[in-house]
$ cat coords_6.csv   # CSV, C-alpha atoms
chain,number,residue,atom,x,y,z
A,265,MET,CA,107.7,115.8,101.7
A,266,LYS,CA,110.4,115.5,99.0
A,267,GLN,CA,110.7,111.8,99.8
A,268,ILE,CA,107.0,111.3,99.3
A,269,VAL,CA,107.0,113.1,96.0
A,270,GLU,CA,110.0,111.0,94.8
A,271,LYS,CA,108.2,107.8,95.8
A,272,CYS,CA,105.0,108.9,94.0
A,273,LYS,CA,107.0,109.5,90.8
A,274,LYS,CA,108.6,106.1,91.2
A,275,TYR,CA,105.3,104.3,91.6
A,276,GLN,CA,103.4,106.7,89.3
A,277,PHE,CA,102.0,103.8,87.2
A,278,LEU,CA,100.6,102.0,90.2
A,279,PHE,CA,99.2,105.2,91.6
A,280,GLU,CA,97.4,106.0,88.3
A,281,GLU,CA,96.0,102.4,88.1
A,282,LEU,CA,94.7,102.7,91.7
A,283,VAL,CA,92.8,105.9,90.9
A,284,LYS,CA,91.3,104.3,87.7
A,285,ARG,CA,90.4,101.2,89.7
A,286,ASP,CA,88.6,103.4,92.4
A,287,PHE,CA,86.5,105.0,89.7
A,288,LYS,CA,85.6,101.7,88.1
A,289,GLU,CA,84.6,100.1,91.4
A,290,LYS,CA,82.5,103.1,92.4
A,291,TYR,CA,80.5,103.2,89.2
A,292,LYS,CA,80.5,99.5,88.4
A,293,ARG,CA,77.2,98.3,86.9
A,294,SER,CA,75.9,101.9,87.2
A,295,ILE,CA,73.8,103.2,84.3
A,296,LEU,CA,74.7,106.8,84.8
A,297,GLY,CA,78.3,106.1,85.8
A,298,MET,CA,80.1,109.4,86.7
A,299,GLY,CA,76.9,111.2,86.2
A,300,TRP,CA,76.0,110.2,89.8
A,301,SER,CA,78.9,112.5,91.0
A,302,ILE,CA,76.7,115.4,89.8
A,303,LEU,CA,73.2,114.0,90.2
A,304,SER,CA,73.7,112.8,93.8
A,305,PRO,CA,74.5,116.3,95.3
A,306,LEU,CA,71.8,117.9,93.2
A,307,LEU,CA,69.2,115.5,94.6
A,308,THR,CA,70.4,116.1,98.1
A,309,LEU,CA,70.2,119.8,97.5
A,310,LEU,CA,66.7,119.5,96.1
A,311,VAL,CA,65.5,117.5,99.2
A,312,MET,CA,67.1,119.9,101.6
A,313,LYS,CA,65.7,123.0,99.8
A,314,LEU,CA,62.2,121.5,99.8
A,315,ILE,CA,62.4,120.7,103.5
A,316,PHE,CA,64.4,123.6,105.0
A,317,THR,CA,63.5,126.6,102.9
A,318,LYS,CA,60.2,127.1,104.8
A,319,PHE,CA,61.9,127.0,108.2
A,320,PHE,CA,65.3,128.6,107.6
A,321,GLY,CA,65.5,130.2,104.1
A,322,LYS,CA,62.5,132.5,104.0
A,323,ASP,CA,64.5,135.7,104.7
A,324,MET,CA,67.9,134.5,103.6
A,325,PRO,CA,69.2,135.8,100.3
A,326,HIS,CA,70.7,133.2,97.9
A,327,TYR,CA,69.5,130.3,100.1
A,328,THR,CA,70.0,127.8,97.3
A,329,THR,CA,73.7,128.7,97.0
A,330,TYR,CA,73.9,128.8,100.8
A,331,LEU,CA,72.7,125.2,100.9
A,332,PHE,CA,74.8,124.1,98.0
A,333,SER,CA,78.0,125.6,99.6
A,334,GLY,CA,77.5,123.5,102.7
A,335,ASN,CA,76.6,120.3,100.9
A,336,LEU,CA,79.6,120.7,98.5
A,337,VAL,CA,82.2,121.0,101.2
A,338,LEU,CA,80.6,118.4,103.5
A,339,ALA,CA,80.1,115.8,100.8
A,340,TYR,CA,83.8,116.2,99.8
A,341,TYR,CA,84.9,115.8,103.4
A,342,LYS,CA,82.7,112.7,103.9
A,343,GLU,CA,83.7,110.9,100.7
A,344,SER,CA,87.4,111.6,101.2
A,345,THR,CA,87.6,110.5,104.8
A,346,LYS,CA,85.2,107.5,104.7
A,347,ASN,CA,87.0,106.0,101.6
A,348,GLY,CA,90.4,106.9,103.1
A,349,MET,CA,89.5,105.0,106.3
A,350,SER,CA,89.2,101.6,104.5
A,351,SER,CA,92.0,102.2,102.0
A,352,LEU,CA,94.6,100.1,103.9
A,353,VAL,CA,92.3,97.2,104.8
A,354,ASN,CA,90.8,97.0,101.3
A,355,ASN,CA,94.3,96.9,99.7
A,356,ALA,CA,96.0,94.6,102.2
A,357,LYS,CA,96.4,91.8,99.6
A,358,ILE,CA,98.6,94.1,97.5
A,359,PHE,CA,101.0,95.6,100.0
A,360,THR,CA,101.4,92.4,102.0
A,361,LYS,CA,102.9,90.9,98.9
A,362,ILE,CA,104.5,93.8,97.3
A,363,ASN,CA,106.7,96.4,99.0
A,364,VAL,CA,105.0,99.7,98.1
A,365,PRO,CA,104.3,102.9,100.1
A,366,LYS,CA,101.1,102.2,101.9
A,367,TYR,CA,100.0,105.8,101.9
A,368,MET,CA,99.6,105.7,98.1
A,369,PHE,CA,96.3,103.8,98.6
A,370,LEU,CA,95.0,106.6,100.8
A,371,LEU,CA,96.2,109.3,98.3
A,372,SER,CA,94.5,107.5,95.4
A,373,LYS,CA,91.2,107.7,97.3
A,374,ASN,CA,91.7,111.4,97.9
A,375,VAL,CA,92.4,112.0,94.2
A,376,SER,CA,89.2,110.2,93.3
A,377,ALA,CA,87.3,112.3,95.8
A,378,LEU,CA,88.9,115.5,94.6
A,379,VAL,CA,87.9,114.7,91.0
A,380,ASN,CA,84.3,114.1,92.0
A,381,PHE,CA,84.4,117.4,94.0
A,382,GLY,CA,85.7,119.2,90.9
A,383,LEU,CA,82.8,117.9,88.8
A,384,THR,CA,80.3,119.0,91.4
A,385,LEU,CA,82.1,122.4,91.7
A,386,VAL,CA,81.4,123.1,88.0
A,387,VAL,CA,77.6,122.5,88.6
A,388,TYR,CA,77.9,124.7,91.8
A,389,PHE,CA,79.2,127.6,89.7
A,390,LEU,CA,76.3,127.1,87.3
A,391,PHE,CA,73.9,127.3,90.1
A,392,CYS,CA,75.6,130.4,91.4
A,393,ALA,CA,75.2,132.1,88.0
A,394,LEU,CA,71.5,131.2,88.0
A,395,ASP,CA,71.1,132.5,91.5
A,396,GLY,CA,72.4,135.9,90.5
A,397,ILE,CA,75.9,135.6,92.1
A,398,HIS,CA,78.4,138.1,90.8
A,399,PHE,CA,81.6,136.5,89.7
A,400,GLY,CA,85.0,138.2,90.2
A,401,PHE,CA,88.7,137.6,90.8
A,402,ARG,CA,87.8,136.8,94.4
A,403,MET,CA,86.5,133.4,93.2
A,404,LEU,CA,90.2,132.4,92.5
A,405,LEU,CA,90.7,132.5,96.3
A,406,LEU,CA,88.5,129.4,96.6
A,407,ILE,CA,91.7,127.5,95.7
A,408,TYR,CA,92.8,128.2,99.2
A,409,PRO,CA,90.1,126.4,101.1
A,410,ILE,CA,90.1,123.6,98.5
A,411,VAL,CA,93.9,123.0,99.1
A,412,GLY,CA,93.3,123.2,102.9
A,413,LEU,CA,90.5,120.7,102.7
A,414,LEU,CA,92.6,118.3,100.7
A,415,MET,CA,95.4,118.5,103.3
A,416,MET,CA,93.0,118.1,106.2
A,417,ASN,CA,91.2,115.2,104.5
A,418,ILE,CA,94.5,113.4,103.9
A,419,GLY,CA,95.6,114.0,107.5
A,420,ILE,CA,92.3,112.7,108.9
A,421,GLY,CA,92.4,109.8,106.4
A,422,LEU,CA,95.8,108.8,107.7
A,423,ILE,CA,94.5,108.7,111.2
A,424,LEU,CA,91.4,106.8,110.4
A,425,SER,CA,93.0,104.3,108.1
A,426,ALA,CA,95.7,103.5,110.6
A,427,LEU,CA,93.2,103.1,113.5
A,428,PHE,CA,90.8,101.0,111.3
A,429,VAL,CA,93.5,98.4,110.9
A,430,PHE,CA,93.4,97.7,114.6
A,431,PHE,CA,89.9,98.7,115.6
A,432,ARG,CA,87.2,97.9,113.0
A,433,ASP,CA,84.6,99.5,115.3
A,434,ILE,CA,85.9,102.9,114.1
A,435,ARG,CA,83.7,102.5,111.0
A,436,TYR,CA,80.5,102.6,113.1
A,437,LEU,CA,81.7,105.3,115.5
A,438,TYR,CA,82.7,107.5,112.5
A,439,GLU,CA,79.3,107.2,111.0
A,440,VAL,CA,77.8,108.6,114.2
A,441,PHE,CA,80.4,111.3,114.1
A,442,LEU,CA,79.6,112.3,110.5
A,443,THR,CA,75.9,112.6,111.5
A,444,LEU,CA,77.0,115.0,114.2
A,445,ILE,CA,79.2,117.0,111.9
A,446,THR,CA,76.3,117.3,109.4
A,447,TYR,CA,74.1,119.0,112.1
A,448,VAL,CA,76.8,121.2,113.6
A,449,SER,CA,78.2,122.6,110.3
A,450,ALA,CA,75.3,125.0,109.7
A,451,VAL,CA,74.6,123.4,106.3
A,452,PHE,CA,70.9,124.4,106.2
A,453,TYR,CA,70.7,127.1,108.9
A,454,SER,CA,72.5,130.3,109.7
A,455,VAL,CA,74.6,130.8,112.8
A,456,ASP,CA,73.6,134.5,113.0
A,457,LYS,CA,70.7,133.6,115.3
A,458,PHE,CA,73.2,132.4,117.9
A,459,SER,CA,74.9,134.6,120.4
A,460,LYS,CA,78.4,135.9,119.7
A,461,THR,CA,79.8,133.2,122.0
A,462,GLY,CA,77.8,130.5,120.2
A,463,GLN,CA,79.0,131.7,116.8
A,464,ARG,CA,82.6,131.5,117.9
A,465,MET,CA,82.0,127.9,119.1
A,466,PHE,CA,81.2,126.9,115.5
A,467,LEU,CA,84.8,127.8,114.6
A,468,PHE,CA,86.0,124.8,116.6
A,469,ASN,CA,84.4,122.7,113.8
A,470,PRO,CA,87.0,122.7,110.9
A,471,VAL,CA,84.3,121.6,108.3
A,472,TYR,CA,82.2,124.6,109.2
A,473,VAL,CA,85.3,126.9,108.9
A,474,PHE,CA,85.8,125.8,105.3
A,475,ILE,CA,82.1,126.0,104.5
A,476,LYS,CA,82.0,129.6,105.9
A,477,TYR,CA,85.0,130.5,103.7
A,478,PHE,CA,83.1,129.4,100.6
A,479,ARG,CA,80.0,131.4,101.6
A,480,CYS,CA,82.0,134.5,102.5
A,481,ILE,CA,83.7,134.5,99.0
A,482,VAL,CA,80.7,133.4,96.9
A,483,ILE,CA,77.6,134.9,98.6
A,484,ASP,CA,78.9,137.8,100.7
A,485,GLY,CA,81.5,138.8,98.1
A,486,LYS,CA,84.1,139.4,100.8
A,487,ILE,CA,87.6,138.1,101.3
A,488,PRO,CA,88.0,136.6,104.8
A,489,SER,CA,90.5,138.2,107.2
A,490,LEU,CA,94.1,137.1,107.6
A,491,GLU,CA,93.2,135.6,110.9
A,492,TYR,CA,90.5,133.4,109.2
A,493,HIS,CA,93.1,132.3,106.6
A,494,ALA,CA,95.4,131.4,109.4
A,495,LEU,CA,92.6,129.4,111.1
A,496,CYS,CA,92.1,127.4,107.9
A,497,ALA,CA,95.8,126.8,107.5
A,498,PHE,CA,96.0,125.7,111.2
A,499,TYR,CA,93.3,123.0,110.7
A,500,ALA,CA,94.8,121.8,107.5
A,501,LEU,CA,98.4,121.5,108.9
A,502,ILE,CA,97.5,120.2,112.4
A,503,PHE,CA,95.5,117.3,111.0
A,504,LEU,CA,98.2,116.5,108.4
A,505,ILE,CA,101.0,116.6,111.0
A,506,ILE,CA,99.0,114.4,113.5
A,507,GLY,CA,98.0,112.0,110.7
A,508,GLY,CA,101.6,111.7,109.5
A,509,PHE,CA,102.8,111.1,113.0
A,510,VAL,CA,100.1,108.4,113.8
A,511,TYR,CA,100.7,106.7,110.4
A,512,LYS,CA,104.5,106.6,110.8
A,513,LYS,CA,104.2,105.3,114.4
A,514,LEU,CA,101.9,102.5,113.5
A,515,ASN,CA,103.1,101.7,110.0
A,516,HIS,CA,105.3,98.8,110.9
A,517,GLN,CA,102.5,97.1,112.8
A,518,PHE,CA,100.0,97.0,109.9
A,519,LEU,CA,101.2,93.6,108.5
A,520,TYR,CA,100.6,91.8,111.8
A,521,TYR,CA,96.9,92.8,111.9
A,522,LEU,CA,95.9,92.3,108.2
$ encode --input "coords_6.csv" --output "structure tokens"
Amino acid sequence: MKQIVEKCKKYQFLFEELVKRDFKEKYKRSILGMGWSILSPLLTLLVMKLIFTKFFGKDMPHYTTYLFSGNLVLAYYKESTKNGMSSLVNNAKIFTKINVPKYMFLLSKNVSALVNFGLTLVVYFLFCALDGIHFGFRMLLLIYPIVGLLMMNIGIGLILSALFVFFRDIRYLYEVFLTLITYVSAVFYSVDKFSKTGQRMFLFNPVYVFIKYFRCIVIDGKIPSLEYHALCAFYALIFLIIGGFVYKKLNHQFLYYL
């Protein structure tokens, strides 16, 4: 970890330029520019509210905040991992000519996704206020799942970006996987209607685990148990460790396939 921090400081200028470039490419020739970071999740929220309120949100208090919580976490996960997957392939022209740490390209994508997430988070809190959510010191605990998500997204990004160098079909398989994740993360429905065993099965989905943390703090006004904090930490660390291992193992082979 210390070595990574030292290298990031050494290549700080390059890292900053990569982040700036990611923003410019994302909003190139866009009239609203960064406004889409806010407008896009709002439009998604509007569509889901119109469609699912009648079926799932009739008797659910703060259903708008419930939906927004799921969309917020899921959108951050999707953007971070999808962009991270292609980070090596899209920057092959740079690191095949210049000796720079390849993981910096992935980290720049994660920083860009985190900034977009932060912008949406501001709007999320505004919606919470309009929805009658009570704010308190417990809201500061949301830093915990955000850091956990960041670590997990980096780990998954390391795995996907390394595999994508060798198997381009990963892109299409991951799209199918993201569709599956969308439906099994209880974004628009409640897991309370499932049996106790069924509810525990949802905990095998790390995205749902972080979504539930948000809802527990914001909507329920409760602090999750120590066991639940441990589960979040487990998912964050296990994916980061596996990602680091896969990346390190395949790192020296990247140049032969790009």
$ atom_distance --input "coords_6.csv" --atom1 "atom CA of Ala500 of chain A" --atom2 "atom CA of Pro365 of chain A"
22.4 Å
$ closest_atom_pairs --input "coords_6.csv" --of "segment 297-397 of chain A" --to "segment 404-409 of chain A" --cutoff "12 Å" --atoms "only C-alpha atoms" --output "JSON lines"
{"residue": "A:Ser333", "atom": "CA", "partner": "A:Leu406", "partner_atom": "CA", "distance": 11.6}
{"residue": "A:Val337", "atom": "CA", "partner": "A:Pro409", "partner_atom": "CA", "distance": 9.6}
{"residue": "A:Gly382", "atom": "CA", "partner": "A:Ile407", "partner_atom": "CA", "distance": 11.3}
{"residue": "A:Leu385", "atom": "CA", "partner": "A:Leu406", "partner_atom": "CA", "distance": 10.7}
{"residue": "A:Phe389", "atom": "CA", "partner": "A:Leu406", "partner_atom": "CA", "distance": 11.7}
$ write_last_selection --input "coords_6.csv" --atoms "C-alpha atoms" --output "compact mmCIF listing (two decimals), in the coordinates of the input"
# COMPACT_ATOMS: atom_id res chain seq x y z
CA SER A 333 78.00 125.60 99.60
CA VAL A 337 82.20 121.00 101.20
CA GLY A 382 85.70 119.20 90.90
CA LEU A 385 82.10 122.40 91.70
CA PHE A 389 79.20 127.60 89.70
$ residues_around --input "coords_6.csv" --residues "segment 458-473 of chain A" --least-positions-apart "2" --cutoff "8 Å" --atoms "all atoms listed in the file" --output "ChimeraX atom specification"
/A:337-338,341,445,448-450,455-456,475-477,496,499
$ write_last_selection --input "coords_6.csv" --atoms "C-alpha atoms" --output "PDB file, in the coordinates of the input"
ATOM      1  CA  VAL A 337      82.200 121.000 101.200  1.00  0.00           C
ATOM      2  CA  LEU A 338      80.600 118.400 103.500  1.00  0.00           C
ATOM      3  CA  TYR A 341      84.900 115.800 103.400  1.00  0.00           C
ATOM      4  CA  ILE A 445      79.200 117.000 111.900  1.00  0.00           C
ATOM      5  CA  VAL A 448      76.800 121.200 113.600  1.00  0.00           C
ATOM      6  CA  SER A 449      78.200 122.600 110.300  1.00  0.00           C
ATOM      7  CA  ALA A 450      75.300 125.000 109.700  1.00  0.00           C
ATOM      8  CA  VAL A 455      74.600 130.800 112.800  1.00  0.00           C
ATOM      9  CA  ASP A 456      73.600 134.500 113.000  1.00  0.00           C
ATOM     10  CA  ILE A 475      82.100 126.000 104.500  1.00  0.00           C
ATOM     11  CA  LYS A 476      82.000 129.600 105.900  1.00  0.00           C
ATOM     12  CA  TYR A 477      85.000 130.500 103.700  1.00  0.00           C
ATOM     13  CA  CYS A 496      92.100 127.400 107.900  1.00  0.00           C
ATOM     14  CA  TYR A 499      93.300 123.000 110.700  1.00  0.00           C
TER      15      TYR A 499
END
$ residues_around --input "coords_6.csv" --residues "segment 303-317 of chain A" --least-positions-apart "5" --cutoff "12 Å" --atoms "only C-alpha atoms" --output "ChimeraX atom specification"
/A:296-298,322-340,343,380-381,383-385,387-388,390-391,450-454
$ write_last_selection --input "coords_6.csv" --atoms "C-alpha atoms" --output "mmCIF file, keeping the file's coordinate frame"
data_model
loop_
_atom_site.group_PDB
_atom_site.id
_atom_site.type_symbol
_atom_site.label_atom_id
_atom_site.label_comp_id
_atom_site.auth_asym_id
_atom_site.auth_seq_id
_atom_site.Cartn_x
_atom_site.Cartn_y
_atom_site.Cartn_z
ATOM 1 C CA LEU A 296 74.700 106.800 84.800
ATOM 2 C CA GLY A 297 78.300 106.100 85.800
ATOM 3 C CA MET A 298 80.100 109.400 86.700
ATOM 4 C CA LYS A 322 62.500 132.500 104.000
ATOM 5 C CA ASP A 323 64.500 135.700 104.700
ATOM 6 C CA MET A 324 67.900 134.500 103.600
ATOM 7 C CA PRO A 325 69.200 135.800 100.300
ATOM 8 C CA HIS A 326 70.700 133.200 97.900
ATOM 9 C CA TYR A 327 69.500 130.300 100.100
ATOM 10 C CA THR A 328 70.000 127.800 97.300
ATOM 11 C CA THR A 329 73.700 128.700 97.000
ATOM 12 C CA TYR A 330 73.900 128.800 100.800
ATOM 13 C CA LEU A 331 72.700 125.200 100.900
ATOM 14 C CA PHE A 332 74.800 124.100 98.000
ATOM 15 C CA SER A 333 78.000 125.600 99.600
ATOM 16 C CA GLY A 334 77.500 123.500 102.700
ATOM 17 C CA ASN A 335 76.600 120.300 100.900
ATOM 18 C CA LEU A 336 79.600 120.700 98.500
ATOM 19 C CA VAL A 337 82.200 121.000 101.200
ATOM 20 C CA LEU A 338 80.600 118.400 103.500
ATOM 21 C CA ALA A 339 80.100 115.800 100.800
ATOM 22 C CA TYR A 340 83.800 116.200 99.800
ATOM 23 C CA GLU A 343 83.700 110.900 100.700
ATOM 24 C CA ASN A 380 84.300 114.100 92.000
ATOM 25 C CA PHE A 381 84.400 117.400 94.000
ATOM 26 C CA LEU A 383 82.800 117.900 88.800
ATOM 27 C CA THR A 384 80.300 119.000 91.400
ATOM 28 C CA LEU A 385 82.100 122.400 91.700
ATOM 29 C CA VAL A 387 77.600 122.500 88.600
ATOM 30 C CA TYR A 388 77.900 124.700 91.800
ATOM 31 C CA LEU A 390 76.300 127.100 87.300
ATOM 32 C CA PHE A 391 73.900 127.300 90.100
ATOM 33 C CA ALA A 450 75.300 125.000 109.700
ATOM 34 C CA VAL A 451 74.600 123.400 106.300
ATOM 35 C CA PHE A 452 70.900 124.400 106.200
ATOM 36 C CA TYR A 453 70.700 127.100 108.900
ATOM 37 C CA SER A 454 72.500 130.300 109.700
#
$ closest_residue --input "coords_6.csv" --among "A:Val353, A:Leu444, A:Ala426, A:Met403" --to "Arg479 of chain A" --atoms "all atoms listed in the file"
A:Met403
$ closest_residue --input "coords_6.csv" --among "A:Leu414, A:Ala497, A:Ile420, A:Leu442" --to "Val379 of chain A" --atoms "all atoms listed in the file"
A:Leu414
$ residues_around --input "coords_6.csv" --residues "Leu514 of chain A" --least-positions-apart "2" --cutoff "10 Å" --atoms "all atoms listed in the file" --output "tab-separated table (two decimals) with C-alpha atoms, in the frame of the given file"
chain	number	residue	atom	x	y	z
A	423	ILE	CA	94.50	108.70	111.20
A	426	ALA	CA	95.70	103.50	110.60
A	427	LEU	CA	93.20	103.10	113.50
A	429	VAL	CA	93.50	98.40	110.90
A	430	PHE	CA	93.40	97.70	114.60
A	509	PHE	CA	102.80	111.10	113.00
A	510	VAL	CA	100.10	108.40	113.80
A	511	TYR	CA	100.70	106.70	110.40
A	512	LYS	CA	104.50	106.60	110.80
A	516	HIS	CA	105.30	98.80	110.90
A	517	GLN	CA	102.50	97.10	112.80
A	518	PHE	CA	100.00	97.00	109.90
$ closest_residue --input "coords_6.csv" --among "A:Leu437, A:Cys480, A:Leu282, A:Ile487" --to "Ile358 of chain A" --atoms "all atoms listed in the file"
A:Leu282
$ closest_residue --input "coords_6.csv" --among "A:Thr443, A:Ile397, A:Phe428, A:Gly412" --to "Ala494 of chain A" --atoms "all atoms listed in the file"
A:Gly412
$ closest_residue --input "coords_6.csv" --among "A:Val411, A:Leu424, A:Cys392, A:Leu370" --to "Asn355 of chain A" --atoms "only C-alpha atoms"
A:Leu370
$ atom_distance --input "coords_6.csv" --atom1 "atom CA of Asn354 of chain A" --atom2 "atom CA of Phe369 of chain A"
9.2 Å
